[in-house]
$ cat entry-v3.csv   # CSV, C-alpha atoms and all ligand atoms
chain,number,residue,atom,x,y,z
A,166,MET,CA,39.7,104.3,2.2
A,167,GLU,CA,43.1,102.9,2.0
A,168,ILE,CA,44.8,105.5,4.2
A,169,PHE,CA,42.4,104.8,7.1
A,170,ASP,CA,43.3,101.2,6.8
A,171,LYS,CA,47.0,102.1,7.1
A,172,VAL,CA,46.4,104.0,10.3
A,173,ASN,CA,44.3,101.2,11.7
A,174,ALA,CA,46.9,98.7,10.9
A,175,ILE,CA,49.5,100.8,12.8
A,176,LEU,CA,47.1,101.0,15.8
A,177,ALA,CA,46.7,97.2,15.7
A,178,GLU,CA,50.4,96.7,15.5
A,179,MET,CA,51.0,99.1,18.3
A,180,ASN,CA,48.4,97.4,20.5
A,181,ALA,CA,50.0,94.0,19.8
A,182,ALA,CA,53.6,95.2,20.6
A,183,ALA,CA,55.0,93.8,23.8
A,184,PRO,CA,58.4,95.2,24.6
A,185,GLN,CA,60.2,92.9,27.0
A,186,ASN,CA,62.9,95.1,28.4
A,187,ALA,CA,64.1,98.7,28.7
A,188,GLU,CA,65.7,98.7,25.3
A,189,GLU,CA,62.6,97.4,23.5
A,190,THR,CA,60.5,100.0,25.4
A,191,GLU,CA,62.8,102.7,24.1
A,192,GLN,CA,62.4,101.4,20.6
A,193,PHE,CA,58.6,101.5,21.1
A,194,ARG,CA,58.9,105.1,22.2
A,195,ILE,CA,61.0,106.1,19.2
A,196,LYS,CA,58.7,104.3,16.8
A,197,TYR,CA,55.4,105.7,18.0
A,198,LEU,CA,56.3,108.8,20.0
A,199,GLY,CA,59.7,110.0,18.8
A,200,SER,CA,60.3,113.0,16.7
A,201,LYS,CA,60.3,110.9,13.5
A,202,ASN,CA,57.5,108.6,14.5
A,203,ILE,CA,55.6,106.4,12.2
A,204,LEU,CA,52.5,108.6,12.3
A,205,LYS,CA,54.2,111.7,11.1
A,206,PRO,CA,54.1,111.1,7.4
A,207,LEU,CA,50.5,109.9,7.7
A,208,MET,CA,49.6,113.2,9.3
A,209,GLY,CA,50.7,115.0,6.2
A,210,GLU,CA,48.4,112.8,4.2
A,211,ILE,CA,45.4,114.6,5.6
A,212,ARG,CA,45.4,116.9,2.6
A,213,ASN,CA,44.5,113.9,0.4
A,214,VAL,CA,41.5,113.0,2.6
A,215,PRO,CA,38.2,114.4,1.3
A,216,ASN,CA,37.0,117.3,3.4
A,217,GLU,CA,34.0,115.6,4.9
A,218,ARG,CA,36.3,112.9,6.4
A,219,LYS,CA,39.2,115.1,7.5
A,220,LYS,CA,37.9,115.4,11.0
A,221,GLU,CA,37.4,111.7,11.4
A,222,TYR,CA,41.0,111.1,10.1
A,223,GLY,CA,42.5,113.6,12.5
A,224,GLN,CA,40.7,111.9,15.4
A,225,LEU,CA,42.0,108.5,14.4
A,226,ILE,CA,45.6,109.7,14.3
A,227,ASN,CA,45.1,111.3,17.7
A,228,LYS,CA,43.6,108.1,19.1
A,229,VAL,CA,46.7,106.2,18.0
A,230,LYS,CA,49.0,108.7,19.5
A,231,GLN,CA,47.2,108.8,22.8
A,232,ALA,CA,47.0,105.1,23.0
A,233,ALA,CA,50.8,104.8,22.3
A,234,GLN,CA,51.5,107.4,25.0
A,235,ASN,CA,49.4,105.5,27.6
A,236,LYS,CA,51.0,102.2,26.7
A,237,TYR,CA,54.4,103.7,27.0
A,238,ASP,CA,53.7,105.3,30.4
A,239,GLU,CA,52.5,101.9,31.7
A,240,LEU,CA,55.5,100.1,30.3
A,241,LYS,CA,57.8,102.7,31.9
A,242,ALA,CA,56.1,102.5,35.3
A,243,ALA,CA,56.2,98.7,35.2
A,244,SER,CA,59.9,98.6,34.4
A,245,GLU,CA,60.7,101.0,37.2
A,246,ASN,CA,58.8,98.9,39.7
A,247,ALA,CA,60.7,95.9,38.5
A,248,ALA,CA,64.0,97.7,38.9
A,249,ASP,CA,63.0,98.7,42.5
A,250,ALA,CA,62.0,95.2,43.2
A,251,ALA,CA,65.3,93.9,42.0
A,252,GLU,CA,67.1,96.3,44.1
A,253,ALA,CA,65.0,95.4,47.1
A,254,GLN,CA,66.0,91.8,46.7
A,255,ASP,CA,69.6,92.9,47.2
A,256,LEU,CA,68.8,94.8,50.4
A,257,ASP,CA,70.3,93.2,53.5
A,258,LEU,CA,67.6,94.0,56.0
A,259,THR,CA,69.8,92.7,58.8
A,260,ALA,CA,72.6,95.2,58.1
A,261,PRO,CA,73.1,97.9,60.8
A,262,GLY,CA,71.7,101.4,59.9
A,263,GLU,CA,74.0,104.2,58.9
A,264,PRO,CA,74.7,106.3,62.0
A,265,LEU,CA,73.4,109.9,62.0
A,266,GLU,CA,76.2,112.4,62.5
A,267,LEU,CA,75.0,114.6,65.4
A,268,GLY,CA,76.4,118.1,65.7
A,269,SER,CA,76.9,119.8,69.0
A,270,ARG,CA,76.4,123.3,70.3
A,271,HIS,CA,79.3,125.7,70.1
A,272,PRO,CA,80.8,126.6,73.5
A,273,VAL,CA,80.0,130.2,72.9
A,274,SER,CA,76.4,129.3,72.3
A,275,ILE,CA,76.3,127.1,75.4
A,276,VAL,CA,77.6,129.9,77.7
A,277,MET,CA,75.4,132.5,76.0
A,278,ASN,CA,72.3,130.3,76.5
A,279,ARG,CA,73.1,129.8,80.1
A,280,ILE,CA,73.5,133.5,80.7
A,281,ILE,CA,70.2,134.2,78.9
A,282,GLN,CA,68.4,131.6,80.9
A,283,ILE,CA,69.7,133.0,84.2
A,284,PHE,CA,68.4,136.5,83.4
A,285,GLU,CA,65.1,135.2,81.9
A,286,ARG,CA,64.3,133.6,85.2
A,287,ILE,CA,64.2,137.1,86.8
A,288,GLY,CA,62.1,138.7,84.1
A,289,PHE,CA,64.5,139.9,81.5
A,290,THR,CA,63.5,139.4,77.9
A,291,VAL,CA,65.9,138.9,74.9
A,292,SER,CA,66.3,141.7,72.4
A,293,GLU,CA,68.4,141.0,69.4
A,294,GLU,CA,69.6,143.8,67.2
A,295,ARG,CA,71.6,144.6,64.1
A,296,GLU,CA,75.4,144.2,63.9
A,297,ILE,CA,75.8,146.9,61.3
A,298,GLU,CA,75.0,150.0,63.3
A,299,ASP,CA,75.0,153.7,62.8
A,300,ASP,CA,77.3,156.0,64.6
A,301,TRP,CA,74.5,157.5,66.6
A,302,HIS,CA,73.3,154.3,68.3
A,303,ASN,CA,76.8,152.9,68.9
A,304,PHE,CA,78.5,156.1,70.1
A,305,THR,CA,76.7,159.5,70.1
A,306,ALA,CA,73.5,158.4,71.9
A,307,MET,CA,75.7,156.5,74.4
A,308,ASN,CA,77.3,159.8,75.4
A,309,THR,CA,80.4,159.3,73.2
A,310,PRO,CA,80.3,162.1,70.7
A,311,GLU,CA,82.8,162.5,67.9
A,312,ASP,CA,86.2,163.5,69.2
A,313,HIS,CA,85.4,162.1,72.6
A,314,PRO,CA,88.5,160.4,73.8
A,315,ALA,CA,86.5,157.4,74.9
A,316,ARG,CA,86.1,156.5,71.2
A,317,ASP,CA,89.7,155.4,71.3
A,318,MET,CA,88.8,152.8,73.9
A,319,GLN,CA,87.2,150.7,71.1
A,320,ASP,CA,88.9,150.7,67.7
A,321,THR,CA,86.1,150.7,65.2
A,322,PHE,CA,85.5,149.0,61.8
A,323,TYR,CA,83.7,151.6,59.7
A,324,LEU,CA,81.9,150.6,56.5
A,325,LYS,CA,83.7,151.5,53.3
A,326,ASP,CA,83.2,155.1,52.3
A,327,SER,CA,81.2,155.9,55.4
A,328,MET,CA,82.1,157.3,58.8
A,329,GLN,CA,78.4,157.0,59.7
A,330,MET,CA,77.9,153.2,59.4
A,331,LEU,CA,80.0,150.7,61.4
A,332,LEU,CA,80.2,147.3,62.9
A,333,ARG,CA,79.0,147.7,66.4
A,334,THR,CA,81.8,147.8,68.9
A,335,HIS,CA,79.6,146.8,71.8
A,336,THR,CA,76.0,145.6,72.5
A,337,SER,CA,75.4,148.8,74.3
A,338,SER,CA,74.0,150.1,70.9
A,339,VAL,CA,71.0,147.9,71.7
A,340,GLN,CA,70.4,150.1,74.8
A,341,ALA,CA,69.9,153.1,72.5
A,342,ARG,CA,67.8,151.0,70.1
A,343,THR,CA,65.5,149.9,72.9
A,344,MET,CA,65.2,153.2,74.8
A,345,THR,CA,64.3,155.1,71.7
A,346,THR,CA,61.5,152.6,70.7
A,347,GLU,CA,60.2,151.3,74.1
A,348,LYS,CA,58.8,153.0,77.1
A,349,PRO,CA,59.9,152.1,80.7
A,350,PRO,CA,59.8,149.7,82.4
A,351,ILE,CA,62.5,148.2,80.3
A,352,ARG,CA,64.2,145.0,81.3
A,353,ILE,CA,66.1,143.4,78.5
A,354,ILE,CA,69.3,141.5,77.7
A,355,ALA,CA,70.9,141.7,74.3
A,356,PRO,CA,73.2,138.9,73.3
A,357,GLY,CA,75.2,139.2,70.1
A,358,ARG,CA,78.3,139.6,68.1
A,359,VAL,CA,80.5,142.7,68.3
A,360,TYR,CA,83.6,143.8,66.4
A,361,ARG,CA,86.8,145.7,67.2
A,362,ASN,CA,89.7,146.5,65.0
A,363,GLU,CA,92.2,144.7,67.2
A,364,THR,CA,95.2,142.5,66.6
A,365,ILE,CA,94.2,138.9,66.9
A,366,SER,CA,96.1,137.0,69.5
A,367,SER,CA,95.5,134.1,72.0
A,368,ARG,CA,93.7,136.6,74.3
A,369,SER,CA,91.8,138.9,72.0
A,370,HIS,CA,90.0,138.7,68.7
A,371,ALA,CA,88.5,141.2,66.3
A,372,GLN,CA,85.1,139.6,66.6
A,373,PHE,CA,83.5,138.3,69.8
A,374,HIS,CA,80.2,138.1,71.7
A,375,GLN,CA,78.7,140.1,74.5
A,376,VAL,CA,75.5,140.0,76.5
A,377,GLU,CA,74.2,143.5,77.4
A,378,GLY,CA,71.7,144.1,80.2
A,379,LEU,CA,69.4,147.1,80.7
A,380,TYR,CA,66.9,147.8,83.4
A,381,ILE,CA,65.0,151.1,83.4
A,382,ASP,CA,62.1,151.9,85.7
A,383,GLU,CA,61.2,154.4,88.5
A,384,ASN,CA,63.5,154.2,91.5
A,385,VAL,CA,66.0,151.7,90.2
A,386,SER,CA,69.1,152.0,92.4
A,387,PHE,CA,72.7,150.9,92.5
A,388,ALA,CA,71.7,148.3,95.1
A,389,ASP,CA,69.3,146.7,92.6
A,390,MET,CA,72.2,146.4,90.2
A,391,LYS,CA,74.4,144.8,92.8
A,392,GLN,CA,71.9,142.3,93.8
A,393,THR,CA,71.1,141.4,90.2
A,394,LEU,CA,74.7,140.9,89.4
A,395,LEU,CA,75.3,138.9,92.6
A,396,TYR,CA,72.4,136.6,91.6
A,397,PHE,CA,74.0,136.2,88.2
A,398,ALA,CA,77.4,135.3,89.6
A,399,LYS,CA,76.0,132.7,92.0
A,400,GLU,CA,73.9,131.1,89.3
A,401,MET,CA,76.7,131.0,86.8
A,402,TYR,CA,79.7,130.2,89.0
A,403,GLY,CA,78.2,128.7,92.2
A,404,VAL,CA,76.4,129.7,95.3
A,405,ASP,CA,79.6,130.2,97.3
A,406,LYS,CA,81.0,132.7,94.9
A,407,GLU,CA,81.8,136.2,95.9
A,408,ILE,CA,81.8,139.3,93.8
A,409,ARG,CA,83.4,142.7,94.1
A,410,LEU,CA,82.7,145.9,92.2
A,411,ARG,CA,85.6,148.2,91.4
A,412,PRO,CA,85.1,151.8,90.3
A,413,SER,CA,85.6,152.2,86.6
A,414,TYR,CA,84.7,154.5,83.8
A,415,PHE,CA,82.3,154.2,80.9
A,416,PRO,CA,80.9,157.3,79.1
A,417,PHE,CA,77.3,156.0,79.3
A,418,THR,CA,77.1,155.1,83.0
A,419,GLU,CA,77.6,157.1,86.1
A,420,PRO,CA,78.8,155.8,88.4
A,421,SER,CA,80.5,153.0,86.6
A,422,ALA,CA,82.1,149.8,87.8
A,423,GLU,CA,83.7,146.6,86.8
A,424,MET,CA,82.7,143.3,88.5
A,425,ASP,CA,85.1,140.6,89.5
A,426,VAL,CA,84.1,137.1,90.6
A,427,TYR,CA,86.3,135.3,93.1
A,428,TRP,CA,87.9,132.4,91.2
A,429,GLY,CA,90.3,131.1,93.8
A,430,LEU,CA,94.0,130.8,94.2
A,431,GLU,CA,94.7,127.2,94.7
A,432,SER,CA,96.5,125.9,91.6
A,433,GLU,CA,99.2,127.3,89.4
A,434,ALA,CA,96.5,127.8,86.7
A,435,ASP,CA,94.5,129.9,89.1
A,436,TYR,CA,97.5,132.2,89.6
A,437,ARG,CA,98.0,132.5,85.9
A,438,ILE,CA,94.3,133.1,85.0
A,439,THR,CA,93.7,135.6,87.8
A,440,LYS,CA,97.1,137.2,87.5
A,441,GLY,CA,97.8,136.3,91.1
A,442,THR,CA,94.8,138.1,92.6
A,443,GLY,CA,92.3,135.2,92.7
A,444,TRP,CA,89.7,137.6,91.1
A,445,LEU,CA,88.4,137.5,87.6
A,446,GLU,CA,87.0,140.5,85.8
A,447,ILE,CA,83.6,139.5,84.2
A,448,LEU,CA,81.8,142.6,83.2
A,449,GLY,CA,81.4,146.4,83.0
A,450,CYS,CA,78.3,148.0,84.5
A,451,GLY,CA,76.9,151.2,86.1
A,452,MET,CA,73.9,153.4,86.5
A,453,VAL,CA,72.7,154.7,83.1
A,454,ASP,CA,73.9,158.2,82.7
A,455,PRO,CA,70.9,160.7,82.8
A,456,GLN,CA,72.3,162.2,79.6
A,457,VAL,CA,71.9,158.9,77.8
A,458,LEU,CA,68.3,158.6,79.0
A,459,GLU,CA,67.7,162.1,77.7
A,460,ASN,CA,69.4,161.4,74.4
A,461,CYS,CA,67.0,158.5,74.0
A,462,GLY,CA,63.9,160.4,75.0
A,463,ILE,CA,63.4,159.1,78.5
A,464,ASP,CA,62.8,161.5,81.3
A,465,PRO,CA,65.8,161.3,83.7
A,466,GLU,CA,63.8,163.1,86.4
A,467,LYS,CA,61.3,160.2,86.5
A,468,TYR,CA,63.3,157.2,85.5
A,469,SER,CA,66.6,155.7,86.4
A,470,GLY,CA,68.3,152.4,85.6
A,471,PHE,CA,71.3,150.2,85.4
A,472,ALA,CA,73.2,148.6,82.5
A,473,PHE,CA,75.9,146.0,82.2
A,474,GLY,CA,77.8,144.3,79.4
A,475,MET,CA,79.8,141.1,79.6
A,476,GLY,CA,82.1,139.3,77.2
A,477,ILE,CA,81.1,135.7,76.4
A,478,GLU,CA,84.4,134.2,75.0
A,479,ARG,CA,86.2,135.0,78.2
A,480,GLN,CA,83.7,133.2,80.3
A,481,ALA,CA,83.6,130.3,78.0
A,482,MET,CA,87.4,130.1,78.2
A,483,LEU,CA,87.2,130.1,82.0
A,484,LEU,CA,84.5,127.6,82.3
A,485,TYR,CA,86.0,125.1,79.9
A,486,GLY,CA,89.7,125.8,80.4
A,487,ILE,CA,90.2,127.0,76.8
A,488,GLU,CA,93.6,128.7,76.6
A,489,ASP,CA,93.4,130.4,73.2
A,490,ILE,CA,90.4,132.5,72.0
A,491,ARG,CA,91.2,131.7,68.4
A,492,LEU,CA,90.0,128.1,68.9
A,493,LEU,CA,86.5,129.5,69.3
A,494,PHE,CA,86.5,130.9,65.7
A,495,GLU,CA,88.3,128.2,63.8
A,496,ASN,CA,85.5,125.6,63.8
A,497,ASP,CA,87.8,122.7,64.0
A,498,VAL,CA,85.4,119.8,64.6
A,499,ARG,CA,88.0,118.0,66.8
A,500,PHE,CA,87.8,120.9,69.1
A,501,LEU,CA,84.0,121.5,68.9
A,502,ARG,CA,83.2,117.8,69.4
A,503,GLN,CA,84.4,118.0,73.0
A,504,PHE,CA,81.4,120.1,73.9
A,505,ALA,CA,78.8,117.5,72.6
A,506,SER,CA,77.7,116.6,76.1
A,507,ALA,CA,78.1,120.1,77.6
A,508,LEU,CA,74.5,121.3,77.1
B,1,LIG,N1,79.9,148.4,76.5
B,1,LIG,C1,80.9,148.2,77.6
B,1,LIG,C2,82.1,147.5,76.9
B,1,LIG,O1,81.9,147.0,75.8
B,1,LIG,C3,80.4,147.4,78.7
B,1,LIG,C4,79.3,148.1,79.5
B,1,LIG,C5,78.0,147.9,79.2
B,1,LIG,C6,79.6,149.0,80.6
B,1,LIG,C7,77.0,148.5,79.9
B,1,LIG,C8,78.7,149.6,81.3
B,1,LIG,C9,77.4,149.4,81.0
B,1,LIG,O2,83.2,147.5,77.4
$ encode --input "entry-v3.csv" --output "structure tokens" --more "lines below"
Ligand code: PHE
Amino acid sequence: MEIFDKVNAILAEMNAAAPQNAEETEQFRIKYLGSKNILKPLMGEIRNVPNERKKEYGQLINKVKQAAQNKYDELKAASENAADAAEAQDLDLTAPGEPLELGSRHPVSIVMNRIIQIFERIGFTVSEEREIEDDWHNFTAMNTPEDHPARDMQDTFYLKDSMQMLLRTHTSSVQARTMTTEKPPIRIIAPGRVYRNETISSRSHAQFHQVEGLYIDENVSFADMKQTLLYFAKEMYGVDKEIRLRPSYFPFTEPSAEMDVYWGLESEADYRITKGTGWLEILGCGMVDPQVLENCGIDPEKYSGFAFGMGIERQAMLLYGIEDIRLLFENDVRFLRQFASAL
């Protein structure tokens, strides 16, 4: 039949075609595979083919289509390889490699990691908790009920339309989280971000970092706390360092203290940094108030413990001589690069 010959002729022509470049390959595609390809009108002709040969005709058309597709795929792959090869010829294998830009750790992370490592060495494990807290864990459980004057100590960011949800003002909220979910002995440190509604200046920021510590077991004493903190100070600031504890007040500890590390009074900077005393305040601490244990479901007759909370930015500023806390939050690479080797 004439129409079969027509299709066979197209097949032969297609097989013979030898596109030489990308443009000819594209023309090949349009001719045999495009939306108006040469086979389209012949497909319509199937209605003129006698019924008993319709199947054969359809198969023939499909064969041409398939063959055209295979040939096109091969042509395409070959021309891509050729392009790659051409590009490879232009490669200067002796050119120096492009240097990888290495980042560095943020000074706050460096100091935080050091603190974590120091406490991990004596058996504390890291507990990370949420920054969006509820009022109970941040305040009420920590013995700071509503209308307690101590709430004014920390100006709070509340979430919109809610006096119940807030950005935690201290990592002490993790104490409540841990004591309500774990049984003593508890020995954790909780590093993380905290927020206070404060005016931003060179010395204070509305967002900063703390590391909280909590140790609860039978017969934990104030002396245990003192030795733990002395160990920390020596590891962090040097074996010859002295500490002192000054009485203080926190609603969730009794007795409460603040710890100073002796910094020295040699240079003019020492005078400025320590306000002429030689001592630096590093952290707040104390024996966990029995009422807090009770609030969190731990028997204060059986268990006692200590807690401490320290600011990170302040220590980073001391250790690296950074004079303005805002530098720690601006992420200026010229500032951050200086800590590349400070791991
Ligand atoms: N949460 C206190 C603060 O942010 C620090 C603290 C922690 C004090 C644990 C005592 C015990 O100032």
$ closest_residue --input "entry-v3.csv" --among "A:Leu225, A:Leu176, A:Val376, A:Met277" --to "Ile203 (chain A)" --atoms "all atoms listed in the file"
A:Leu176
$ atom_distance --input "entry-v3.csv" --atom1 "CA of Ala398 (chain A)" --atom2 "CA of Glu433 (chain A)"
23.2 Å
$ residues_near_ligand --input "entry-v3.csv" --ligand "ligand LIG 1 (chain B)" --cutoff "7 Å" --atoms "all atoms listed in the file" --output "PyMOL selection string"
chain A and resi 334-337+377-378+415+417-418+421+448-451+472-475
$ write_last_selection --input "entry-v3.csv" --atoms "C-alpha atoms" --output "PDB file, keeping the file's coordinate frame"
ATOM      1  CA  THR A 334      81.800 147.800  68.900  1.00  0.00           C
ATOM      2  CA  HIS A 335      79.600 146.800  71.800  1.00  0.00           C
ATOM      3  CA  THR A 336      76.000 145.600  72.500  1.00  0.00           C
ATOM      4  CA  SER A 337      75.400 148.800  74.300  1.00  0.00           C
ATOM      5  CA  GLU A 377      74.200 143.500  77.400  1.00  0.00           C
ATOM      6  CA  GLY A 378      71.700 144.100  80.200  1.00  0.00           C
ATOM      7  CA  PHE A 415      82.300 154.200  80.900  1.00  0.00           C
ATOM      8  CA  PHE A 417      77.300 156.000  79.300  1.00  0.00           C
ATOM      9  CA  THR A 418      77.100 155.100  83.000  1.00  0.00           C
ATOM     10  CA  SER A 421      80.500 153.000  86.600  1.00  0.00           C
ATOM     11  CA  LEU A 448      81.800 142.600  83.200  1.00  0.00           C
ATOM     12  CA  GLY A 449      81.400 146.400  83.000  1.00  0.00           C
ATOM     13  CA  CYS A 450      78.300 148.000  84.500  1.00  0.00           C
ATOM     14  CA  GLY A 451      76.900 151.200  86.100  1.00  0.00           C
ATOM     15  CA  ALA A 472      73.200 148.600  82.500  1.00  0.00           C
ATOM     16  CA  PHE A 473      75.900 146.000  82.200  1.00  0.00           C
ATOM     17  CA  GLY A 474      77.800 144.300  79.400  1.00  0.00           C
ATOM     18  CA  MET A 475      79.800 141.100  79.600  1.00  0.00           C
TER      19      MET A 475
END
$ residues_around --input "entry-v3.csv" --residues "Leu204 (chain A)" --least-positions-apart "6" --cutoff "12 Å" --atoms "all atoms listed in the file" --output "number ranges by chain"
A: 168-169, 171-176, 179, 195-198, 210-211, 222-223, 225-231, 233
$ closest_residue --input "entry-v3.csv" --among "A:Asn308, A:Ser269, A:Thr259, A:Gln456" --to "Arg499 (chain A)" --atoms "only C-alpha atoms"
A:Ser269
$ residues_around --input "entry-v3.csv" --residues "Trp428 (chain A)" --least-positions-apart "2" --cutoff "12 Å" --atoms "all atoms listed in the file" --output "PyMOL selection string"
chain A and resi 398-399+402-403+405-409+425-426+430-432+434-447+480+483-484
$ closest_residue --input "entry-v3.csv" --among "A:Met452, A:Leu410, A:Val291, A:Ala253" --to "Val385 (chain A)" --atoms "all atoms listed in the file"
A:Met452
$ closest_residue --input "entry-v3.csv" --among "A:Ser469, A:Gln340, A:Thr345, A:Asn180" --to "Ala232 (chain A)" --atoms "only C-alpha atoms"
A:Asn180
$ atom_distance --input "entry-v3.csv" --atom1 "CA of Leu394 (chain A)" --atom2 "CA of Met344 (chain A)"
21.3 Å
$ atom_distance --input "entry-v3.csv" --atom1 "CA of Tyr427 (chain A)" --atom2 "CA of Arg479 (chain A)"
14.9 Å
$ closest_residue --input "entry-v3.csv" --among "A:Asn303, A:Asn384, A:Thr393, A:Ser274" --to "Leu493 (chain A)" --atoms "all atoms listed in the file"
A:Ser274
$ closest_residue --input "entry-v3.csv" --among "A:Ile381, A:Ile463, A:Ala422, A:Ala182" --to "Arg352 (chain A)" --atoms "all atoms listed in the file"
A:Ile381
$ build_atoms --input "entry-v3.csv" --residues "region 368-383 of chain A" --atoms "N, CA, C and O atoms" --output "compact mmCIF listing (two decimals), keeping the file's coordinate frame"
# COMPACT_ATOMS: atom_id res chain seq x y z
N ARG A 368 94.60 136.01 73.27
CA ARG A 368 93.70 136.60 74.30
C ARG A 368 92.67 137.54 73.72
O ARG A 368 91.71 137.88 74.41
N SER A 369 92.86 138.03 72.50
CA SER A 369 91.80 138.90 72.00
C SER A 369 91.59 138.69 70.50
O SER A 369 92.47 138.20 69.77
N HIS A 370 90.37 138.99 70.08
CA HIS A 370 90.00 138.70 68.70
C HIS A 370 89.23 139.94 68.18
O HIS A 370 88.70 140.75 68.94
N ALA A 371 89.16 140.06 66.87
CA ALA A 371 88.50 141.20 66.30
C ALA A 371 86.98 141.02 66.24
O ALA A 371 86.22 141.95 65.97
N GLN A 372 86.54 139.80 66.54
CA GLN A 372 85.10 139.60 66.60
C GLN A 372 84.85 138.74 67.87
O GLN A 372 85.60 137.81 68.17
N PHE A 373 83.86 139.12 68.65
CA PHE A 373 83.50 138.30 69.80
C PHE A 373 82.07 138.57 70.20
O PHE A 373 81.34 139.21 69.43
N HIS A 374 81.65 138.03 71.32
CA HIS A 374 80.20 138.10 71.70
C HIS A 374 80.08 138.80 73.07
O HIS A 374 80.93 138.63 73.94
N GLN A 375 79.00 139.53 73.20
CA GLN A 375 78.70 140.10 74.50
C GLN A 375 77.22 139.85 74.84
O GLN A 375 76.43 139.54 73.95
N VAL A 376 76.91 139.97 76.12
CA VAL A 376 75.50 140.00 76.50
C VAL A 376 75.35 141.37 77.26
O VAL A 376 76.05 141.63 78.24
N GLU A 377 74.45 142.19 76.79
CA GLU A 377 74.20 143.50 77.40
C GLU A 377 72.95 143.31 78.29
O GLU A 377 72.06 142.51 77.98
N GLY A 378 72.88 144.08 79.37
CA GLY A 378 71.70 144.10 80.20
C GLY A 378 71.23 145.52 80.40
O GLY A 378 72.08 146.42 80.50
N LEU A 379 69.93 145.75 80.43
CA LEU A 379 69.40 147.10 80.70
C LEU A 379 68.13 147.02 81.45
O LEU A 379 67.23 146.27 81.10
N TYR A 380 68.09 147.79 82.54
CA TYR A 380 66.90 147.80 83.40
C TYR A 380 66.55 149.27 83.68
O TYR A 380 67.34 149.97 84.31
N ILE A 381 65.41 149.72 83.20
CA ILE A 381 65.00 151.10 83.40
C ILE A 381 63.59 151.11 84.03
O ILE A 381 62.68 150.46 83.49
N ASP A 382 63.45 151.81 85.13
CA ASP A 382 62.10 151.90 85.70
C ASP A 382 62.20 153.11 86.73
O ASP A 382 63.22 153.76 86.83
N GLU A 383 61.11 153.33 87.47
CA GLU A 383 61.20 154.40 88.50
C GLU A 383 61.97 153.78 89.69
O GLU A 383 61.83 152.59 90.01
